[in-house]
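File shown here: run_13.pdb, holding PDB, C-alpha atoms and all ligand atoms.
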```pdb
ATOM      1  CA  MET A 150       0.041  -6.928 -17.697
ATOM      2  CA  THR A 151      -0.691  -3.221 -17.513
ATOM      3  CA  PHE A 152      -1.960  -0.869 -14.812
ATOM      4  CA  GLU A 153      -2.272   2.071 -17.187
ATOM      5  CA  GLY A 154      -5.066   4.365 -15.996
ATOM      6  CA  ARG A 155      -5.224   2.783 -12.536
ATOM      7  CA  ASN A 156      -4.306   4.373  -9.208
ATOM      8  CA  ALA A 157      -2.732   2.417  -6.379
ATOM      9  CA  VAL A 158      -1.986   2.947  -2.703
ATOM     10  CA  VAL A 159       0.936   1.076  -1.186
ATOM     11  CA  THR A 160       1.234   1.442   2.583
ATOM     12  CA  GLY A 161       4.729   1.200   4.004
ATOM     13  CA  GLY A 162       5.928   2.069   0.516
ATOM     14  CA  GLY A 163       8.976   3.889   1.834
ATOM     15  CA  SER A 164      11.109   0.796   2.387
ATOM     16  CA  GLY A 165      11.700  -2.852   1.554
ATOM     17  CA  ILE A 166       8.792  -4.854   0.158
ATOM     18  CA  GLY A 167       6.425  -1.869  -0.054
ATOM     19  CA  ARG A 168       8.993   0.130  -2.011
ATOM     20  CA  ALA A 169       9.444  -2.727  -4.489
ATOM     21  CA  CYS A 170       5.651  -3.072  -4.869
ATOM     22  CA  ALA A 171       5.285   0.647  -5.543
ATOM     23  CA  ILE A 172       8.091   0.621  -8.118
ATOM     24  CA  VAL A 173       6.816  -2.494  -9.939
ATOM     25  CA  LEU A 174       3.203  -1.238 -10.075
ATOM     26  CA  ALA A 175       4.388   2.165 -11.340
ATOM     27  CA  SER A 176       6.656   0.528 -13.916
ATOM     28  CA  LYS A 177       3.548  -1.113 -15.381
ATOM     29  CA  GLY A 178       1.633   2.155 -15.616
ATOM     30  CA  ALA A 179      -0.107   2.669 -12.253
ATOM     31  CA  THR A 180      -0.040   6.053 -10.572
ATOM     32  CA  VAL A 181       1.118   5.091  -7.090
ATOM     33  CA  ALA A 182       0.431   6.891  -3.825
ATOM     34  CA  VAL A 183       3.307   5.837  -1.595
ATOM     35  CA  TRP A 184       2.056   6.020   1.975
ATOM     36  CA  ASP A 185       4.513   5.722   4.847
ATOM     37  CA  LEU A 186       5.053   6.855   8.410
ATOM     38  CA  ASN A 187       8.547   7.694   7.257
ATOM     39  CA  GLY A 188       7.980  10.635   4.918
ATOM     40  CA  ALA A 189      11.596  10.691   3.736
ATOM     41  CA  GLY A 190      11.399   7.021   2.771
ATOM     42  CA  ALA A 191       8.187   7.648   0.828
ATOM     43  CA  GLU A 192       9.814  10.584  -0.996
ATOM     44  CA  GLU A 193      12.822   8.428  -1.825
ATOM     45  CA  THR A 194      10.563   5.762  -3.349
ATOM     46  CA  LEU A 195       8.728   8.426  -5.325
ATOM     47  CA  GLY A 196      12.078   9.644  -6.642
ATOM     48  CA  MET A 197      12.878   6.119  -7.845
ATOM     49  CA  ILE A 198       9.461   5.832  -9.512
ATOM     50  CA  ARG A 199       9.932   9.149 -11.305
ATOM     51  CA  GLU A 200      13.479   8.335 -12.319
ATOM     52  CA  ALA A 201      12.110   5.243 -14.075
ATOM     53  CA  GLY A 202       9.483   7.375 -15.862
ATOM     54  CA  GLY A 203       6.567   6.513 -13.546
ATOM     55  CA  LYS A 204       3.972   8.615 -11.744
ATOM     56  CA  GLY A 205       2.937   8.952  -8.128
ATOM     57  CA  ILE A 206       2.845  10.953  -4.928
ATOM     58  CA  ALA A 207       4.434  10.483  -1.515
ATOM     59  CA  VAL A 208       2.175  10.738   1.523
ATOM     60  CA  GLN A 209       3.532  10.810   5.068
ATOM     61  CA  GLY A 210       1.201   9.340   7.654
ATOM     62  CA  ASP A 211       0.435   6.595  10.143
ATOM     63  CA  SER A 212      -1.674   3.909   8.473
ATOM     64  CA  ALA A 213      -2.730   2.611  11.891
ATOM     65  CA  GLU A 214      -4.310   5.870  13.068
ATOM     66  CA  ALA A 215      -7.807   6.700  11.822
ATOM     67  CA  GLY A 216      -7.325  10.470  11.495
ATOM     68  CA  ALA A 217      -4.038  10.099   9.625
ATOM     69  CA  VAL A 218      -5.582   7.535   7.269
ATOM     70  CA  ALA A 219      -8.480   9.894   6.534
ATOM     71  CA  ASP A 220      -5.988  12.700   5.770
ATOM     72  CA  ALA A 221      -3.876  10.439   3.545
ATOM     73  CA  ALA A 222      -6.948   9.248   1.656
ATOM     74  CA  GLU A 223      -8.184  12.827   1.197
ATOM     75  CA  ARG A 224      -4.825  13.946  -0.210
ATOM     76  CA  THR A 225      -4.624  10.912  -2.459
ATOM     77  CA  HIS A 226      -8.121  11.465  -3.806
ATOM     78  CA  ALA A 227      -7.419  15.145  -4.421
ATOM     79  CA  GLU A 228      -4.043  14.655  -6.135
ATOM     80  CA  VAL A 229      -4.418  11.263  -7.817
ATOM     81  CA  GLY A 230      -8.113  10.362  -7.940
ATOM     82  CA  PRO A 231      -9.995   7.187  -7.007
ATOM     83  CA  VAL A 232      -7.894   4.221  -5.970
ATOM     84  CA  THR A 233      -8.649   0.693  -7.185
ATOM     85  CA  ILE A 234      -5.433  -1.107  -6.201
ATOM     86  CA  LEU A 235      -4.532  -1.315  -2.521
ATOM     87  CA  VAL A 236      -1.461  -3.014  -1.105
ATOM     88  CA  ASN A 237      -1.703  -3.225   2.691
ATOM     89  CA  ASN A 238       1.976  -3.733   3.402
ATOM     90  CA  ALA A 239       2.959  -1.454   6.317
ATOM     91  CA  GLY A 240       3.929  -3.499   9.319
ATOM     92  CA  ILE A 241       6.317  -3.965  12.191
ATOM     93  CA  THR A 242       7.986  -7.074  13.568
ATOM     94  CA  LYS A 243       9.354  -7.117  17.096
ATOM     95  CA  TYR A 244      10.582 -10.395  18.487
ATOM     96  CA  ARG A 245       9.597 -10.944  22.129
ATOM     97  CA  ALA A 246       9.587 -14.122  24.219
ATOM     98  CA  PHE A 247       6.029 -14.878  25.269
ATOM     99  CA  VAL A 248       6.898 -14.675  28.973
ATOM    100  CA  ASP A 249       8.213 -11.133  28.419
ATOM    101  CA  LEU A 250       5.461 -10.053  26.047
ATOM    102  CA  THR A 251       3.516  -7.110  27.462
ATOM    103  CA  GLU A 252       0.009  -5.922  26.751
ATOM    104  CA  ASP A 253       1.575  -2.842  25.121
ATOM    105  CA  ASP A 254       3.653  -5.041  22.774
ATOM    106  CA  TRP A 255       0.515  -6.952  21.844
ATOM    107  CA  ASP A 256      -1.582  -3.806  21.298
ATOM    108  CA  GLU A 257       1.099  -2.027  19.256
ATOM    109  CA  THR A 258       1.564  -4.945  16.883
ATOM    110  CA  LEU A 259      -2.146  -5.628  16.484
ATOM    111  CA  GLN A 260      -2.734  -1.908  15.923
ATOM    112  CA  ILE A 261      -0.197  -1.536  13.131
ATOM    113  CA  ASP A 262      -0.262  -4.977  11.502
ATOM    114  CA  LEU A 263      -3.989  -5.758  11.702
ATOM    115  CA  LYS A 264      -5.997  -2.617  12.472
ATOM    116  CA  GLY A 265      -3.958  -0.645   9.917
ATOM    117  CA  PRO A 266      -5.153  -2.787   6.974
ATOM    118  CA  PHE A 267      -8.729  -2.486   8.306
ATOM    119  CA  LEU A 268      -8.569   1.326   8.476
ATOM    120  CA  VAL A 269      -6.927   1.758   5.092
ATOM    121  CA  THR A 270      -9.263  -0.690   3.376
ATOM    122  CA  LYS A 271     -12.252   1.155   4.878
ATOM    123  CA  ALA A 272     -10.886   4.414   3.455
ATOM    124  CA  ILE A 273     -10.421   3.008  -0.063
ATOM    125  CA  ILE A 274     -13.128   0.377  -0.585
ATOM    126  CA  GLY A 275     -15.699   3.000  -1.665
ATOM    127  CA  ASP A 276     -13.585   3.831  -4.742
ATOM    128  CA  MET A 277     -13.499   0.161  -5.715
ATOM    129  CA  LEU A 278     -17.250  -0.279  -5.246
ATOM    130  CA  GLU A 279     -17.840   2.812  -7.349
ATOM    131  CA  ALA A 280     -15.570   1.488 -10.107
ATOM    132  CA  GLY A 281     -16.951  -2.055  -9.940
ATOM    133  CA  TRP A 282     -13.309  -3.192  -9.953
ATOM    134  CA  GLY A 283     -10.732  -3.473  -7.217
ATOM    135  CA  ARG A 284      -7.688  -5.362  -6.051
ATOM    136  CA  ILE A 285      -6.714  -5.672  -2.396
ATOM    137  CA  VAL A 286      -3.410  -7.371  -1.693
ATOM    138  CA  ASN A 287      -2.475  -7.832   1.943
ATOM    139  CA  ILE A 288       1.037  -8.667   3.056
ATOM    140  CA  SER A 289       0.876 -11.336   5.741
ATOM    141  CA  SER A 290       3.801 -13.532   6.815
ATOM    142  CA  SER A 291       5.110 -17.056   6.301
ATOM    143  CA  SER A 292       5.408 -17.232  10.095
ATOM    144  CA  THR A 293       1.647 -17.875  10.107
ATOM    145  CA  GLN A 294       2.403 -21.078   8.176
ATOM    146  CA  SER A 295       5.390 -22.250  10.193
ATOM    147  CA  GLY A 296       4.664 -20.880  13.637
ATOM    148  CA  SER A 297       7.698 -19.322  15.276
ATOM    149  CA  PRO A 298       8.920 -18.667  18.798
ATOM    150  CA  ASN A 299       8.957 -15.109  20.153
ATOM    151  CA  MET A 300       6.331 -13.987  17.669
ATOM    152  CA  ALA A 301       2.960 -14.764  19.285
ATOM    153  CA  HIS A 302       1.757 -11.161  18.944
ATOM    154  CA  TYR A 303       3.010 -10.813  15.364
ATOM    155  CA  ILE A 304       1.665 -14.154  14.163
ATOM    156  CA  ALA A 305      -1.689 -13.450  15.806
ATOM    157  CA  ALA A 306      -1.848 -10.181  13.880
ATOM    158  CA  LYS A 307      -0.732 -11.664  10.570
ATOM    159  CA  GLY A 308      -3.040 -14.663  10.978
ATOM    160  CA  GLY A 309      -5.761 -12.063  11.441
ATOM    161  CA  VAL A 310      -4.702 -10.450   8.170
ATOM    162  CA  ILE A 311      -5.263 -13.761   6.374
ATOM    163  CA  GLY A 312      -8.718 -14.165   7.941
ATOM    164  CA  PHE A 313      -9.514 -10.541   7.084
ATOM    165  CA  THR A 314      -8.478 -11.218   3.487
ATOM    166  CA  LYS A 315     -10.792 -14.219   3.170
ATOM    167  CA  ALA A 316     -13.688 -12.272   4.672
ATOM    168  CA  LEU A 317     -13.203  -9.417   2.194
ATOM    169  CA  ALA A 318     -12.880 -11.910  -0.670
ATOM    170  CA  THR A 319     -16.280 -13.411   0.021
ATOM    171  CA  GLU A 320     -18.008 -10.131   0.869
ATOM    172  CA  PHE A 321     -16.915  -8.403  -2.351
ATOM    173  CA  ALA A 322     -16.661 -11.369  -4.731
ATOM    174  CA  ASP A 323     -19.661 -10.249  -6.786
ATOM    175  CA  LYS A 324     -18.505  -6.624  -6.933
ATOM    176  CA  GLY A 325     -15.448  -7.078  -9.158
ATOM    177  CA  ILE A 326     -13.168  -6.751  -6.138
ATOM    178  CA  THR A 327     -10.648  -9.419  -5.189
ATOM    179  CA  ALA A 328      -8.685  -9.744  -1.940
ATOM    180  CA  ASN A 329      -5.623 -11.929  -1.633
ATOM    181  CA  ASN A 330      -2.559 -12.125   0.566
ATOM    182  CA  VAL A 331       1.122 -12.782   0.075
ATOM    183  CA  PRO A 332       3.031 -14.182   3.069
ATOM    184  CA  PRO A 333       6.707 -13.288   2.603
ATOM    185  CA  GLY A 334       9.399 -15.410   4.176
ATOM    186  CA  PHE A 335      12.934 -14.202   4.871
ATOM    187  CA  VAL A 336      13.037 -11.284   2.430
ATOM    188  CA  ASP A 337      16.086  -9.052   2.445
ATOM    189  CA  THR A 338      14.790  -5.706   3.723
ATOM    190  CA  PRO A 339      15.801  -3.266   6.458
ATOM    191  CA  LEU A 340      13.238  -5.005   8.735
ATOM    192  CA  MET A 341      14.792  -8.418   8.153
ATOM    193  CA  ARG A 342      18.295  -7.044   8.731
ATOM    194  CA  ARG A 343      17.175  -5.435  11.992
ATOM    195  CA  ASN A 344      15.889  -8.810  13.237
ATOM    196  CA  ILE A 345      18.337 -11.386  11.848
ATOM    197  CA  SER A 346      21.958 -11.026  12.888
ATOM    198  CA  ASP A 347      23.461 -13.412  10.332
ATOM    199  CA  PRO A 348      21.360 -13.411   7.128
ATOM    200  CA  ALA A 349      24.001 -15.403   5.221
ATOM    201  CA  ALA A 350      23.727 -18.291   7.686
ATOM    202  CA  VAL A 351      19.938 -18.325   7.371
ATOM    203  CA  ALA A 352      20.194 -18.132   3.571
ATOM    204  CA  ALA A 353      22.416 -21.213   3.593
ATOM    205  CA  ARG A 354      19.569 -23.183   5.214
ATOM    206  CA  MET A 355      17.020 -22.133   2.573
ATOM    207  CA  PRO A 356      16.094 -24.536  -0.267
ATOM    208  CA  MET A 357      17.281 -21.968  -2.824
ATOM    209  CA  LYS A 358      20.285 -20.967  -0.702
ATOM    210  CA  ARG A 359      19.333 -17.317  -0.814
ATOM    211  CA  SER A 360      17.056 -14.817   0.831
ATOM    212  CA  GLY A 361      13.999 -13.517  -0.979
ATOM    213  CA  GLN A 362      14.327 -10.143  -2.638
ATOM    214  CA  PRO A 363      11.643  -7.463  -2.263
ATOM    215  CA  GLU A 364      11.017  -7.760  -6.026
ATOM    216  CA  ASP A 365      10.139 -11.463  -5.594
ATOM    217  CA  ILE A 366       7.190 -10.354  -3.471
ATOM    218  CA  ALA A 367       6.373  -7.342  -5.647
ATOM    219  CA  HIS A 368       5.919  -9.414  -8.813
ATOM    220  CA  ALA A 369       3.466 -11.725  -7.010
ATOM    221  CA  VAL A 370       1.613  -8.655  -5.729
ATOM    222  CA  ALA A 371       1.498  -7.220  -9.251
ATOM    223  CA  TYR A 372      -0.024 -10.443 -10.565
ATOM    224  CA  LEU A 373      -2.725 -10.415  -7.868
ATOM    225  CA  ALA A 374      -3.405  -6.741  -8.663
ATOM    226  CA  SER A 375      -3.794  -7.414 -12.378
ATOM    227  CA  ASP A 376      -6.800  -7.976 -14.633
ATOM    228  CA  GLU A 377      -5.329 -11.407 -15.333
ATOM    229  CA  ALA A 378      -5.950 -12.474 -11.707
ATOM    230  CA  ALA A 379      -9.678 -11.685 -11.890
ATOM    231  CA  TYR A 380     -10.773 -15.175 -10.791
ATOM    232  CA  VAL A 381      -8.251 -15.476  -7.937
ATOM    233  CA  THR A 382      -9.586 -14.339  -4.585
ATOM    234  CA  GLY A 383      -9.211 -15.234  -0.919
ATOM    235  CA  HIS A 384      -5.937 -16.857  -1.888
ATOM    236  CA  THR A 385      -2.632 -17.083  -0.026
ATOM    237  CA  LEU A 386       0.139 -16.880  -2.622
ATOM    238  CA  SER A 387       3.268 -18.176  -0.912
ATOM    239  CA  VAL A 388       6.511 -16.582  -2.084
ATOM    240  CA  ASN A 389       9.186 -18.215   0.023
ATOM    241  CA  GLY A 390      11.617 -20.067  -2.218
ATOM    242  CA  GLY A 391      10.134 -23.481  -1.459
ATOM    243  CA  ARG A 392      10.290 -23.261   2.322
ATOM    244  CA  PHE A 393       6.621 -24.076   3.006
ATOM    245  CA  PHE A 394       3.920 -25.366   0.718
ATOM    246  CA  ASN A 395       0.746 -24.882   2.752
TER     247      ASN A 395
HETATM  248  N1  LIG B   1      11.093  -8.956   5.273
HETATM  249  C1  LIG B   1      10.571 -10.137   5.556
HETATM  250  O1  LIG B   1      11.261 -11.161   5.529
HETATM  251  C2  LIG B   1       9.117 -10.241   5.910
HETATM  252  C3  LIG B   1       8.638 -11.518   6.267
HETATM  253  C4  LIG B   1       7.293 -11.660   6.577
HETATM  254  C5  LIG B   1       6.443 -10.558   6.521
HETATM  255  N2  LIG B   1       6.930  -9.336   6.184
HETATM  256  C6  LIG B   1       5.975  -8.213   6.137
HETATM  257  O2  LIG B   1       6.194  -7.440   4.986
HETATM  258  C7  LIG B   1       5.812  -6.088   5.233
HETATM  259  C8  LIG B   1       6.944  -5.170   4.813
HETATM  260  O3  LIG B   1       8.086  -5.483   5.569
HETATM  261  P1  LIG B   1       9.567  -5.045   5.155
HETATM  262  O4  LIG B   1      10.425  -6.210   5.451
HETATM  263  O5  LIG B   1       9.579  -4.413   3.817
HETATM  264  O6  LIG B   1       9.819  -3.948   6.308
HETATM  265  P2  LIG B   1      10.515  -2.504   6.319
HETATM  266  O7  LIG B   1      10.685  -2.153   7.753
HETATM  267  O8  LIG B   1      11.692  -2.484   5.412
HETATM  268  O9  LIG B   1       9.384  -1.584   5.681
HETATM  269  C9  LIG B   1       8.172  -1.360   6.362
HETATM  270  C10 LIG B   1       7.698   0.058   6.070
HETATM  271  O10 LIG B   1       6.454   0.233   6.742
HETATM  272  C11 LIG B   1       6.449   1.519   7.332
HETATM  273  N3  LIG B   1       5.534   1.538   8.469
HETATM  274  C12 LIG B   1       5.652   0.863   9.639
HETATM  275  N4  LIG B   1       4.621   1.169  10.440
HETATM  276  C13 LIG B   1       3.849   2.054   9.760
HETATM  277  C14 LIG B   1       2.646   2.745  10.044
HETATM  278  N5  LIG B   1       2.036   2.613  11.236
HETATM  279  N6  LIG B   1       2.122   3.575   9.106
HETATM  280  C15 LIG B   1       2.738   3.721   7.914
HETATM  281  N7  LIG B   1       3.877   3.118   7.586
HETATM  282  C16 LIG B   1       4.423   2.291   8.495
HETATM  283  C17 LIG B   1       7.891   1.744   7.774
HETATM  284  O11 LIG B   1       8.162   3.135   7.975
HETATM  285  C18 LIG B   1       8.660   1.134   6.619
HETATM  286  O12 LIG B   1       8.924   2.097   5.620
HETATM  287  C19 LIG B   1       5.466  -6.002   6.723
HETATM  288  O13 LIG B   1       4.071  -6.082   6.893
HETATM  289  C20 LIG B   1       6.134  -7.248   7.298
HETATM  290  O14 LIG B   1       5.498  -7.722   8.451
HETATM  291  C21 LIG B   1       8.246  -9.156   5.884
END
```

Rewrite the structure of this file - the entire thing - as structure tokens.
Ligand SMILES: NC(=O)c1ccc[n+]([C@@H]2O[C@H](COP(=O)([O-])OP(=O)(O)OC[C@H]3O[C@@H](n4cnc5c(N)ncnc54)[C@H](O)[C@@H]3O)[C@@H](O)[C@H]2O)c1
Amino acid sequence: MTFEGRNAVVTGGGSGIGRACAIVLASKGATVAVWDLNGAGAEETLGMIREAGGKGIAVQGDSAEAGAVADAAERTHAEVGPVTILVNNAGITKYRAFVDLTEDDWDETLQIDLKGPFLVTKAIIGDMLEAGWGRIVNISSSSTQSGSPNMAHYIAAKGGVIGFTKALATEFADKGITANNVPPGFVDTPLMRRNISDPAAVAARMPMKRSGQPEDIAHAVAYLASDEAAYVTGHTLSVNGGRFFN
């Protein structure tokens, strides 16, 4: 598997799963634009990519705000060139009991977790159409498979991401562009550690008796972004250590 000569955008690439995706894609030859709201995190990822001999740029910006996405795309096009691999990974998770859930909570989560992928895909899809080749990999969530209390807003957004993925898959199937999603479950990242007070106890209940690692997700993303996955589209590739099979 090689991404030599290809350019990628990874949103939320400054931490956790996005960072691992950026590093794995770069390690296989892609030039990676690491987009993140947290500019320092994006720079740190870029440093790791370069240390391993890879290429990329770090771009600070909000992937859920149209103007910022346009700026990030413009910089990426100017400094890297057309992008044919897109990993829509940036997201937030805030647990809130449904009775306490406010309209603002709902709007914030839908804005970042669902509208963000829409805006970024809109900004990049032209490059893929031009190239006659593209790979869109959206990061959803295993909570869409299991359901989960206190996550109505989040699961609604991530369920939307899966529907969005299937729609893109059918719309661009004859254009050399695939769209797939990976729903992580219990992956050890800063986000997970902010939300789960005792990760070891949760790990003990997992079939594999461990949490997922960001690299577990990144390798699945790399497969879906590869030439080898050309006939795979609209798919949900579960990476959850055997927790759910649907
Ligand atoms: N960790 C898990 O167990 C898990 C489980 C299911 C789904 N996910 C999903 O995986 C993705 C990555 O999560 P993670 O665990 O690596 O989280 P993380 O918090 O470690 O990393 C998320 C990154 O996204 C960035 N980000 C957030 N909002 C942004 C915005 N508006 N614009 C640009 N960047 C933004 C953050 O700054 C951060 O660097 C998210 O979409 C999350 O919902 C994670």

Per residue of chain A within 6 Å of ligand LIG 1 (chain B), what are the shortest atom pair and its distance in Å to one decimal, counting all atoms listed in the file, with rows by chain and residue number, as a Markdown table?
```
| residue | atom | partner | partner_atom | distance |
| --- | --- | --- | --- | --- |
| A:Thr160 | CA | B:LIG1 | N7 | 5.9 |
| A:Gly161 | CA | B:LIG1 | O10 | 3.4 |
| A:Gly162 | CA | B:LIG1 | O12 | 5.9 |
| A:Gly163 | CA | B:LIG1 | O12 | 4.2 |
| A:Ser164 | CA | B:LIG1 | O12 | 4.1 |
| A:Gly165 | CA | B:LIG1 | O5 | 3.5 |
| A:Ile166 | CA | B:LIG1 | O5 | 3.8 |
| A:Gly167 | CA | B:LIG1 | O5 | 5.6 |
| A:Asp185 | CA | B:LIG1 | N7 | 3.8 |
| A:Leu186 | CA | B:LIG1 | C15 | 3.9 |
| A:Asn187 | CA | B:LIG1 | O11 | 4.6 |
| A:Gly210 | CA | B:LIG1 | C15 | 5.8 |
| A:Asp211 | CA | B:LIG1 | N6 | 3.6 |
| A:Ser212 | CA | B:LIG1 | N6 | 3.9 |
| A:Ala213 | CA | B:LIG1 | N5 | 4.8 |
| A:Asn238 | CA | B:LIG1 | O13 | 4.7 |
| A:Ala239 | CA | B:LIG1 | O10 | 3.9 |
| A:Gly240 | CA | B:LIG1 | O13 | 3.5 |
| A:Ile241 | CA | B:LIG1 | O14 | 5.4 |
| A:Thr242 | CA | B:LIG1 | O14 | 5.7 |
| A:Ile261 | CA | B:LIG1 | N5 | 5.1 |
| A:Ile288 | CA | B:LIG1 | O13 | 5.5 |
| A:Ser289 | CA | B:LIG1 | C5 | 5.7 |
| A:Ser290 | CA | B:LIG1 | C4 | 4.0 |
| A:Ser291 | CA | B:LIG1 | C4 | 5.8 |
| A:Pro333 | CA | B:LIG1 | C4 | 4.3 |
| A:Gly334 | CA | B:LIG1 | C3 | 4.5 |
| A:Phe335 | CA | B:LIG1 | O1 | 3.5 |
| A:Val336 | CA | B:LIG1 | O1 | 3.6 |
| A:Asp337 | CA | B:LIG1 | N1 | 5.7 |
| A:Thr338 | CA | B:LIG1 | O4 | 4.7 |
| A:Pro339 | CA | B:LIG1 | O8 | 4.3 |
| A:Leu340 | CA | B:LIG1 | O7 | 4.0 |
| A:Met341 | CA | B:LIG1 | N1 | 4.7 |
```

Checklist entry - Looking at all atoms listed in the file, which of A:Ala318, A:Val158, A:Ala227, A:Val286 is the one that sits closest to His368 of chain A? => result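 Of all the options, A:Val286 lies closest to His368 of chain A.
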
Item to check | Pairwise distance for atom CA of Ser360 of chain A and atom CA of Asn389 of chain A, rounded to one decimal in Å | outcome: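 Distance reported for this atom pair: 8.6 Å.
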
Item to check | Selected residue of minimal separation from Gly190 of chain A among A:Arg168, A:Val351, A:Gly203, A:Ala379, counting only C-alpha atoms | outcome: A:Arg168

Item to check | atom CA of Ala306 of chain A to atom CA of Asp262 of chain A, distance in Å rounded to a single decimal | outcome: 5.9 Å

Next on the checklist: Measuring between all atoms listed in the file, which one of A:Ser295, A:Gln209, A:Asn237, A:Ser346 shows the shortest distance to Ala171 of chain A?
Outcome noted: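 Closest to Ala171 of chain A of all the choices is A:Asn237.
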
Next on the checklist: Just the number, please: distance in Å from atom CA of Gly308 of chain A to atom CA of Arg284 of chain A, one decimal.
Outcome noted: 20.0 Å

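Of the residues listed (A:Gly325, A:Gly391, A:Gly196, A:Gly275), A:Gly325 shows the shortest atom-to-atom separation from Asp376 of chain A; distances use only C-alpha atoms.
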
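Residue neighbourhood of Thr151 of chain A, excluding near-sequence residues (fewer than 6 positions): Lys177, Gly178, Ala179 and Ser375 of chain A, at 8 Å, using all atoms listed in the file.
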
Next on the checklist: Calculated over only C-alpha atoms, which of the candidates A:Glu214, A:Asn395, A:Arg354, A:Gln260 has the smallest distance to Ala305 of chain A?
Outcome noted: A:Gln260

Item to check | Within 6 Å of Val159 of chain A using all atoms listed in the file, minus same-chain residues under 6 positions, as a list of chain:residue names | outcome: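 Answer for this query is A:Val183, A:Trp184, A:Val236.
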
Box along x, y and z, 8 Å on every side, all listed atoms of segment 247-261 of chain A inside: centre and edge lengths in Å to one decimal, as AutoDock Vina command-line options.
```
--center_x 2.7 --center_y -8.2 --center_z 21.1 --size_x 26.9 --size_y 29.3 --size_z 31.8
```

Next on the checklist: Could you list, as number ranges by chain, every residue matched by the PyMOL selection byres (((chain A and resi 174) around 9) and not hetatm) in this structure?
Outcome noted: A: 151-152, 157, 169-173, 175-181, 367-368, 370-371, 374

Preceding selection exported with C-alpha atoms as a PDB file, keeping the file's coordinate frame:
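And here's again.pdb as it stands now:
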```pdb
ATOM      1  CA  THR A 151      -0.691  -3.221 -17.513  1.00  0.00           C
ATOM      2  CA  PHE A 152      -1.960  -0.869 -14.812  1.00  0.00           C
ATOM      3  CA  ALA A 157      -2.732   2.417  -6.379  1.00  0.00           C
ATOM      4  CA  ALA A 169       9.444  -2.727  -4.489  1.00  0.00           C
ATOM      5  CA  CYS A 170       5.651  -3.072  -4.869  1.00  0.00           C
ATOM      6  CA  ALA A 171       5.285   0.647  -5.543  1.00  0.00           C
ATOM      7  CA  ILE A 172       8.091   0.621  -8.118  1.00  0.00           C
ATOM      8  CA  VAL A 173       6.816  -2.494  -9.939  1.00  0.00           C
ATOM      9  CA  ALA A 175       4.388   2.165 -11.340  1.00  0.00           C
ATOM     10  CA  SER A 176       6.656   0.528 -13.916  1.00  0.00           C
ATOM     11  CA  LYS A 177       3.548  -1.113 -15.381  1.00  0.00           C
ATOM     12  CA  GLY A 178       1.633   2.155 -15.616  1.00  0.00           C
ATOM     13  CA  ALA A 179      -0.107   2.669 -12.253  1.00  0.00           C
ATOM     14  CA  THR A 180      -0.040   6.053 -10.572  1.00  0.00           C
ATOM     15  CA  VAL A 181       1.118   5.091  -7.090  1.00  0.00           C
ATOM     16  CA  ALA A 367       6.373  -7.342  -5.647  1.00  0.00           C
ATOM     17  CA  HIS A 368       5.919  -9.414  -8.813  1.00  0.00           C
ATOM     18  CA  VAL A 370       1.613  -8.655  -5.729  1.00  0.00           C
ATOM     19  CA  ALA A 371       1.498  -7.220  -9.251  1.00  0.00           C
ATOM     20  CA  ALA A 374      -3.405  -6.741  -8.663  1.00  0.00           C
TER      21      ALA A 374
END
```

Next on the checklist: So, with all atoms listed in the file as the atoms that count, which of A:Asp220, A:Glu153, A:Glu200, A:Glu252 lies closest to Ile234 of chain A?
Outcome noted: A:Glu153

Next on the checklist: Which residues would end up in the selection if the PyMOL selection byres (((chain A and resi 270) around 10) and not hetatm) were applied here, given that I need the answer as a list in words?
Outcome noted: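 Applied to this file, the PyMOL selection byres (((chain A and resi 270) around 10) and not hetatm) returns Val218, Leu235, Val236, Asn237, Lys264, Gly265, Pro266, Phe267, Leu268, Val269, Lys271, Ala272, Ile273, Ile274, Gly275, Ile285, Asn287 and Leu317 of chain A.
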
Next on the checklist: If we count all atoms listed in the file and set the cut-off at 8 Å, which residues sit around Ile304 of chain A, ignoring sequence neighbours fewer than 6 positions away in its own chain? Please answer as a count of residues only.
Outcome noted: 4
